[in-house]
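Engineer: My questions all concern the structure below.
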Amino acid sequence: FKNTFIYTGTNVINKAIPFFLLPIMTRYLTPTDYGIVATFNVLLGVMVVCVGLSMHGAINVNFFKLNKNELKEYIGNVFSVLFSNFLLVFIIVYILKSYFSFFTKFPENWIPYIVLVALFQSIFAIALGLWRVEQKSLPYGLFQISRTILNVSLSVVFVVLLDWGWQGRILGVIATSVIFGILSIFVIYKREYIKFSFNKKYIKDALFFGIPLIPHALGGWIITGIDRIFINSMVGVAATGLYSVGYSVGMIIGLLAHSFNLAWSPFLYEKLKENNYFTKVKIVKFTYLYDVGIIVLALALSFIAPYFLKFFVSKNFYFAYKYVLWIALGYAFQGMYFMVVSYIFYIKKTYILAWVTFSSA
């Protein structure tokens with residue numbers, strides 16, 4: 001619970017900074033601009049899946065199973081896989097960028113940059129993951145908040161001061177991702193968590209963990225991200241911008257669920273290793289209590305949303321409140337998923353998760 005408090009606090013600050021930017025951005029960006037930015041974030045989600053291959057998850061699981069020297073070598077091999085896969089995905093996306101642009105309504109020339117951002121975000125996730133499994137929630141939070149502050153600062157300069165519109169918002173994301181990706185490599189190196197020595201067994205283990213998760217991760221993206229692609233195609237990019245503002249409010253429930261999970265899963269792995277029956281019973285009872293609590297929070301948020309948005313955003317975006325209930329409920333159920341999915345990760349039967357998520361999607 002101590003770590004949960006720190007994770008929740010830092011994640012609230014991390015998400016609150018861009019959230020409280022909404023009154024500014026909704027006055028300097030049109031709904032169409034917002035729709036383009038939202039589409040960028042959706043495409044980034046799928047590129048992170050394709051480039052990152054959930055490699056940070058493989059490192060987190062093996063942290064408790066390998067000694068320090070073995071772990072350093074393992075991480076070095078993960079980086080080799082990551083950069084090789086980045087080159088492959090970049091080439092494919094560059095060749096097919098016109099087709100991606102046609103189907104997503106996103107500007108063609110900006111699509112290759114999404115792959116670059118995905119690489120650096122995957123590296124950033126590795127650095128955060130190491131602090132998380134060490135249960136060092138403070139450096140984890142500070143590193144995240146620092147990135148968000150830079151992202152928001154650059155976006156304000158580019159959008160408000162330089163009047164670059166949606167391009168300025170996306171440039172802020174690209175610049176921040178590159179800077180903190182490079183910083184992440186430096187942090188991992190300085191903490192002596194990386195050693196480049198080819199090891200076929202470690203590469204195979206990382207791929208065996210990550211590749212079965214691709215359908216799972218793509219399924220997750222379909223569930224949480226493809227909505228904006230549908231709206232772009234069926235209604236228009238401006239409608240996507242309106243929807244995205246409502247989504248920003250509804251995902252507060254997702255923030256709370258994610259923050260709790262950051263502390264919960266390492267605690268759960270530790271308790272599962274003890275293999276104590278009475279501890280397991282307590283965990284199950286707590287899970288039921290959590291499920292009821294998060295549904296109540298989602299309903300409360302949807303009740304407050306119309307009053308909140310009326311004074312918080314530009315009048316062009318007020319009717320975004322209509323989407324809050326559905327997004328909040330969706331994130332509440334995702335919170336329930338977080339509470340049980342760690343069992344599948346722990347026993348490394350990720351292929352089960354792949355089928356469950358992909359069929360759901």
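Chain labels follow the order of the structure tokens: the first chain is A, the next B, and so on; residue numbering restarts at 1 in every chain, and ligands are counted from 1 in their shown order.
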Considering only C-alpha atoms, return as a ChimeraX atom specification whatever protein or nucleic-acid residues lie within 8 Å of stretch 122-131 of chain A, sequence-local ones (same chain, fewer than 4 positions apart) excluded.
Structural biologist: /A:48,51-52,55-57,59-60,118,135-137,139-140,143,180-181,184-185,187-188
Engineer: Write to file, as a short mmCIF file (atom, residue, chain, number, x, y, z; two decimals), in the first residue's frame, the residues of the selection just made, with C-alpha atoms.
Structural biologist:
data_model
loop_
_atom_site.label_atom_id
_atom_site.label_comp_id
_atom_site.auth_asym_id
_atom_site.auth_seq_id
_atom_site.Cartn_x
_atom_site.Cartn_y
_atom_site.Cartn_z
CA VAL A 48 4.79 0.05 -29.59
CA VAL A 51 8.44 -2.70 -32.14
CA GLY A 52 8.66 -3.39 -28.39
CA MET A 55 10.34 -7.03 -23.97
CA HIS A 56 10.15 -5.00 -20.75
CA GLY A 57 7.72 -7.62 -19.41
CA ILE A 59 12.86 -8.48 -18.09
CA ASN A 60 10.45 -7.88 -15.18
CA ALA A 118 7.72 3.56 -30.42
CA GLN A 135 10.05 -1.52 -5.69
CA LYS A 136 11.80 1.84 -6.03
CA SER A 137 8.65 3.81 -6.67
CA PRO A 139 12.76 7.33 -8.93
CA TYR A 140 10.11 5.62 -11.09
CA PHE A 143 11.45 9.97 -14.13
CA PHE A 180 14.03 10.37 -22.58
CA GLY A 181 14.76 7.26 -24.62
CA SER A 184 16.90 5.73 -20.32
CA ILE A 185 19.80 3.99 -22.08
CA VAL A 187 20.42 5.31 -16.76
CA ILE A 188 20.35 1.55 -17.48
#
Engineer: Wanna dump the stretch 189-295 of chain A-stretch 318-338 of chain A contacts at 7 Å for me, each residue with its shortest atom pair and the distance in Å to one decimal, counting only C-alpha atoms, ordered by chain and number, as JSON lines?
Structural biologist:
{"residue": "A:Leu242", "atom": "CA", "partner": "A:Ala320", "partner_atom": "CA", "distance": 5.6}
{"residue": "A:Tyr243", "atom": "CA", "partner": "A:Ala320", "partner_atom": "CA", "distance": 5.8}
{"residue": "A:Val245", "atom": "CA", "partner": "A:Ala320", "partner_atom": "CA", "distance": 6.0}
{"residue": "A:Gly246", "atom": "CA", "partner": "A:Ala320", "partner_atom": "CA", "distance": 4.4}
{"residue": "A:Tyr247", "atom": "CA", "partner": "A:Ile327", "partner_atom": "CA", "distance": 6.1}
{"residue": "A:Val249", "atom": "CA", "partner": "A:Val324", "partner_atom": "CA", "distance": 6.4}
{"residue": "A:Gly250", "atom": "CA", "partner": "A:Ala328", "partner_atom": "CA", "distance": 4.4}
{"residue": "A:Met251", "atom": "CA", "partner": "A:Ala328", "partner_atom": "CA", "distance": 6.0}
{"residue": "A:Ile253", "atom": "CA", "partner": "A:Ala328", "partner_atom": "CA", "distance": 5.8}
{"residue": "A:Gly254", "atom": "CA", "partner": "A:Tyr331", "partner_atom": "CA", "distance": 4.8}
{"residue": "A:Ala257", "atom": "CA", "partner": "A:Gly335", "partner_atom": "CA", "distance": 4.9}
{"residue": "A:Asn261", "atom": "CA", "partner": "A:Phe338", "partner_atom": "CA", "distance": 6.4}
{"residue": "A:Asp291", "atom": "CA", "partner": "A:Met336", "partner_atom": "CA", "distance": 5.9}
{"residue": "A:Ile294", "atom": "CA", "partner": "A:Ala332", "partner_atom": "CA", "distance": 5.6}
{"residue": "A:Ile295", "atom": "CA", "partner": "A:Ala332", "partner_atom": "CA", "distance": 5.8}
Engineer: Using all heavy atoms, can you export the residues from the last selection as an mmCIF file, in the first residue's frame?
Structural biologist:
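Heads up, here's the output in result_4.cif:
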data_model
loop_
_atom_site.group_PDB
_atom_site.id
_atom_site.type_symbol
_atom_site.label_atom_id
_atom_site.label_comp_id
_atom_site.auth_asym_id
_atom_site.auth_seq_id
_atom_site.Cartn_x
_atom_site.Cartn_y
_atom_site.Cartn_z
ATOM 1 N N LEU A 242 -13.650 15.370 -30.515
ATOM 2 C CA LEU A 242 -14.653 15.538 -29.457
ATOM 3 C C LEU A 242 -14.667 14.313 -28.546
ATOM 4 O O LEU A 242 -14.664 14.425 -27.315
ATOM 5 C CB LEU A 242 -16.023 15.749 -30.085
ATOM 6 C CG LEU A 242 -17.165 16.148 -29.152
ATOM 7 C CD1 LEU A 242 -16.935 17.543 -28.588
ATOM 8 C CD2 LEU A 242 -18.498 16.096 -29.900
ATOM 9 N N TYR A 243 -14.683 13.146 -29.162
ATOM 10 C CA TYR A 243 -14.691 11.881 -28.425
ATOM 11 C C TYR A 243 -13.453 11.762 -27.533
ATOM 12 O O TYR A 243 -13.536 11.288 -26.396
ATOM 13 C CB TYR A 243 -14.744 10.730 -29.424
ATOM 14 C CG TYR A 243 -14.550 9.353 -28.838
ATOM 15 C CD1 TYR A 243 -15.613 8.689 -28.224
ATOM 16 C CD2 TYR A 243 -13.321 8.709 -28.921
ATOM 17 C CE1 TYR A 243 -15.444 7.417 -27.708
ATOM 18 C CE2 TYR A 243 -13.146 7.443 -28.401
ATOM 19 C CZ TYR A 243 -14.204 6.797 -27.801
ATOM 20 O OH TYR A 243 -14.032 5.536 -27.282
ATOM 21 N N VAL A 245 -11.717 14.039 -26.014
ATOM 22 C CA VAL A 245 -11.811 14.838 -24.788
ATOM 23 C C VAL A 245 -12.632 14.090 -23.743
ATOM 24 O O VAL A 245 -12.262 14.020 -22.564
ATOM 25 C CB VAL A 245 -12.408 16.229 -25.081
ATOM 26 C CG1 VAL A 245 -12.701 16.975 -23.784
ATOM 27 C CG2 VAL A 245 -11.446 17.045 -25.935
ATOM 28 N N GLY A 246 -13.750 13.481 -24.146
ATOM 29 C CA GLY A 246 -14.542 12.666 -23.232
ATOM 30 C C GLY A 246 -13.753 11.469 -22.727
ATOM 31 O O GLY A 246 -13.841 11.096 -21.550
ATOM 32 N N TYR A 247 -12.955 10.916 -23.616
ATOM 33 C CA TYR A 247 -12.108 9.775 -23.264
ATOM 34 C C TYR A 247 -11.101 10.169 -22.181
ATOM 35 O O TYR A 247 -10.814 9.398 -21.265
ATOM 36 C CB TYR A 247 -11.370 9.290 -24.509
ATOM 37 C CG TYR A 247 -10.818 7.899 -24.422
ATOM 38 C CD1 TYR A 247 -11.489 6.833 -25.007
ATOM 39 C CD2 TYR A 247 -9.619 7.635 -23.766
ATOM 40 C CE1 TYR A 247 -10.991 5.540 -24.938
ATOM 41 C CE2 TYR A 247 -9.111 6.356 -23.684
ATOM 42 C CZ TYR A 247 -9.794 5.309 -24.278
ATOM 43 O OH TYR A 247 -9.286 4.043 -24.190
ATOM 44 N N VAL A 249 -11.440 12.198 -19.799
ATOM 45 C CA VAL A 249 -12.087 12.231 -18.484
ATOM 46 C C VAL A 249 -12.374 10.801 -18.006
ATOM 47 O O VAL A 249 -12.074 10.432 -16.870
ATOM 48 C CB VAL A 249 -13.390 13.055 -18.530
ATOM 49 C CG1 VAL A 249 -14.079 13.041 -17.173
ATOM 50 C CG2 VAL A 249 -13.086 14.489 -18.959
ATOM 51 N N GLY A 250 -12.936 9.974 -18.878
ATOM 52 C CA GLY A 250 -13.278 8.605 -18.502
ATOM 53 C C GLY A 250 -12.085 7.770 -18.101
ATOM 54 O O GLY A 250 -12.180 6.891 -17.238
ATOM 55 N N MET A 251 -10.927 8.077 -18.700
ATOM 56 C CA MET A 251 -9.747 7.264 -18.421
ATOM 57 C C MET A 251 -9.123 7.563 -17.063
ATOM 58 O O MET A 251 -8.135 6.938 -16.677
ATOM 59 C CB MET A 251 -8.702 7.421 -19.522
ATOM 60 C CG MET A 251 -7.989 8.744 -19.570
ATOM 61 S SD MET A 251 -6.786 8.819 -20.929
ATOM 62 C CE MET A 251 -5.593 7.597 -20.419
ATOM 63 N N ILE A 253 -10.434 6.591 -14.431
ATOM 64 C CA ILE A 253 -10.590 5.282 -13.788
ATOM 65 C C ILE A 253 -9.440 4.359 -14.193
ATOM 66 O O ILE A 253 -8.904 3.609 -13.369
ATOM 67 C CB ILE A 253 -11.945 4.648 -14.174
ATOM 68 C CG1 ILE A 253 -13.105 5.558 -13.737
ATOM 69 C CG2 ILE A 253 -12.083 3.256 -13.553
ATOM 70 C CD1 ILE A 253 -13.172 5.818 -12.242
ATOM 71 N N GLY A 254 -9.042 4.434 -15.452
ATOM 72 C CA GLY A 254 -7.894 3.651 -15.917
ATOM 73 C C GLY A 254 -6.611 4.039 -15.218
ATOM 74 O O GLY A 254 -5.777 3.185 -14.894
ATOM 75 N N ALA A 257 -6.673 2.434 -11.777
ATOM 76 C CA ALA A 257 -6.472 0.987 -11.888
ATOM 77 C C ALA A 257 -5.022 0.657 -12.227
ATOM 78 O O ALA A 257 -4.411 -0.251 -11.650
ATOM 79 C CB ALA A 257 -7.408 0.410 -12.949
ATOM 80 N N ASN A 261 -2.135 -1.318 -9.991
ATOM 81 C CA ASN A 261 -1.528 -2.530 -10.551
ATOM 82 C C ASN A 261 -0.009 -2.472 -10.532
ATOM 83 O O ASN A 261 0.661 -3.500 -10.376
ATOM 84 C CB ASN A 261 -2.025 -2.746 -11.980
ATOM 85 C CG ASN A 261 -1.478 -4.016 -12.596
ATOM 86 O OD1 ASN A 261 -1.685 -5.113 -12.104
ATOM 87 N ND2 ASN A 261 -0.736 -3.863 -13.679
ATOM 88 N N ASP A 291 -13.047 -5.065 -7.050
ATOM 89 C CA ASP A 291 -13.940 -5.039 -8.209
ATOM 90 C C ASP A 291 -15.182 -4.185 -7.947
ATOM 91 O O ASP A 291 -15.593 -3.390 -8.802
ATOM 92 C CB ASP A 291 -14.369 -6.466 -8.578
ATOM 93 C CG ASP A 291 -13.228 -7.280 -9.165
ATOM 94 O OD1 ASP A 291 -12.171 -6.694 -9.457
ATOM 95 O OD2 ASP A 291 -13.391 -8.503 -9.323
ATOM 96 N N ILE A 294 -14.203 -0.311 -7.759
ATOM 97 C CA ILE A 294 -13.855 0.396 -9.003
ATOM 98 C C ILE A 294 -15.091 0.662 -9.863
ATOM 99 O O ILE A 294 -15.157 1.677 -10.569
ATOM 100 C CB ILE A 294 -12.752 -0.365 -9.778
ATOM 101 C CG1 ILE A 294 -12.044 0.602 -10.729
ATOM 102 C CG2 ILE A 294 -13.299 -1.580 -10.520
ATOM 103 C CD1 ILE A 294 -10.716 0.107 -11.231
ATOM 104 N N ILE A 295 -16.106 -0.206 -9.783
ATOM 105 C CA ILE A 295 -17.368 0.046 -10.498
ATOM 106 C C ILE A 295 -18.067 1.276 -9.906
ATOM 107 O O ILE A 295 -18.583 2.138 -10.634
ATOM 108 C CB ILE A 295 -18.297 -1.182 -10.424
ATOM 109 C CG1 ILE A 295 -17.785 -2.290 -11.354
ATOM 110 C CG2 ILE A 295 -19.735 -0.808 -10.794
ATOM 111 C CD1 ILE A 295 -17.999 -2.023 -12.823
#
Engineer: Extract, using only C-alpha atoms, all DNA, RNA and protein residues at most 7 Å from A:Lys105, discarding same-chain residues fewer than 3 positions from it, and format them as a ChimeraX atom specification.
Structural biologist: /A:101-102,232
Engineer: Selection from above, all heavy atoms, as a PDB file, in the first residue's frame, can you write it?
Structural biologist:
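And here's out_22.pdb as it stands now:
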ATOM      1  N   SER A 101      -1.955   5.664 -44.296  1.00  0.00           N
ATOM      2  CA  SER A 101      -2.552   6.997 -44.299  1.00  0.00           C
ATOM      3  C   SER A 101      -3.978   6.967 -44.835  1.00  0.00           C
ATOM      4  O   SER A 101      -4.880   7.614 -44.293  1.00  0.00           O
ATOM      5  CB  SER A 101      -1.693   7.947 -45.137  1.00  0.00           C
ATOM      6  OG  SER A 101      -2.268   9.232 -45.189  1.00  0.00           O
ATOM      7  N   PHE A 102      -4.190   6.179 -45.880  1.00  0.00           N
ATOM      8  CA  PHE A 102      -5.519   6.086 -46.497  1.00  0.00           C
ATOM      9  C   PHE A 102      -6.542   5.519 -45.519  1.00  0.00           C
ATOM     10  O   PHE A 102      -7.666   6.028 -45.412  1.00  0.00           O
ATOM     11  CB  PHE A 102      -5.438   5.213 -47.752  1.00  0.00           C
ATOM     12  CG  PHE A 102      -6.773   4.964 -48.395  1.00  0.00           C
ATOM     13  CD1 PHE A 102      -7.397   5.946 -49.158  1.00  0.00           C
ATOM     14  CD2 PHE A 102      -7.422   3.747 -48.224  1.00  0.00           C
ATOM     15  CE1 PHE A 102      -8.640   5.718 -49.743  1.00  0.00           C
ATOM     16  CE2 PHE A 102      -8.663   3.514 -48.800  1.00  0.00           C
ATOM     17  CZ  PHE A 102      -9.273   4.502 -49.562  1.00  0.00           C
ATOM     18  N   ASN A 232     -12.916   8.148 -37.267  1.00  0.00           N
ATOM     19  CA  ASN A 232     -12.294   8.864 -38.388  1.00  0.00           C
ATOM     20  C   ASN A 232     -12.937   8.481 -39.710  1.00  0.00           C
ATOM     21  O   ASN A 232     -13.246   9.339 -40.553  1.00  0.00           O
ATOM     22  CB  ASN A 232     -10.797   8.532 -38.467  1.00  0.00           C
ATOM     23  CG  ASN A 232      -9.966   9.375 -37.521  1.00  0.00           C
ATOM     24  OD1 ASN A 232     -10.475  10.241 -36.834  1.00  0.00           O
ATOM     25  ND2 ASN A 232      -8.677   9.112 -37.474  1.00  0.00           N
TER      26      ASN A 232
END
Engineer: Would you work out the distance separating atom CA of A:Val284 from atom CA of A:Val61, expressed in Å to one decimal?
Structural biologist: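 One can read the atom CA of A:Val284 to atom CA of A:Val61 distance as 21.7 Å.
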Engineer: Taking into account only C-alpha atoms, which residue in the set A:Leu119, A:Ile203, A:Met234, A:Val12 is nearest to A:Ile145?
Structural biologist: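 With only C-alpha atoms as the atom set, the closest residue is A:Val12.
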Engineer: Could you tell me how far atom CA of A:Tyr34 lies from atom CA of A:Thr240, in Å and to one decimal?
Structural biologist: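 Atom-to-atom, atom CA of A:Tyr34 and atom CA of A:Thr240 are spaced 7.5 Å apart.
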Engineer: State, in Å with one decimal place, the distance from atom CA of A:Ser265 to atom CA of A:Tyr290.
Structural biologist: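 Taking atom CA of A:Ser265 as the start and atom CA of A:Tyr290 as the end point, the length is 14.3 Å.
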Engineer: Return the single residue from A:Asn109, A:Asn276, A:Ser342, A:Ser314 that is closest to A:Met25, with distances computed using only C-alpha atoms.
Structural biologist: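 Residue with the minimum atom-to-atom distance to A:Met25: A:Ser314.
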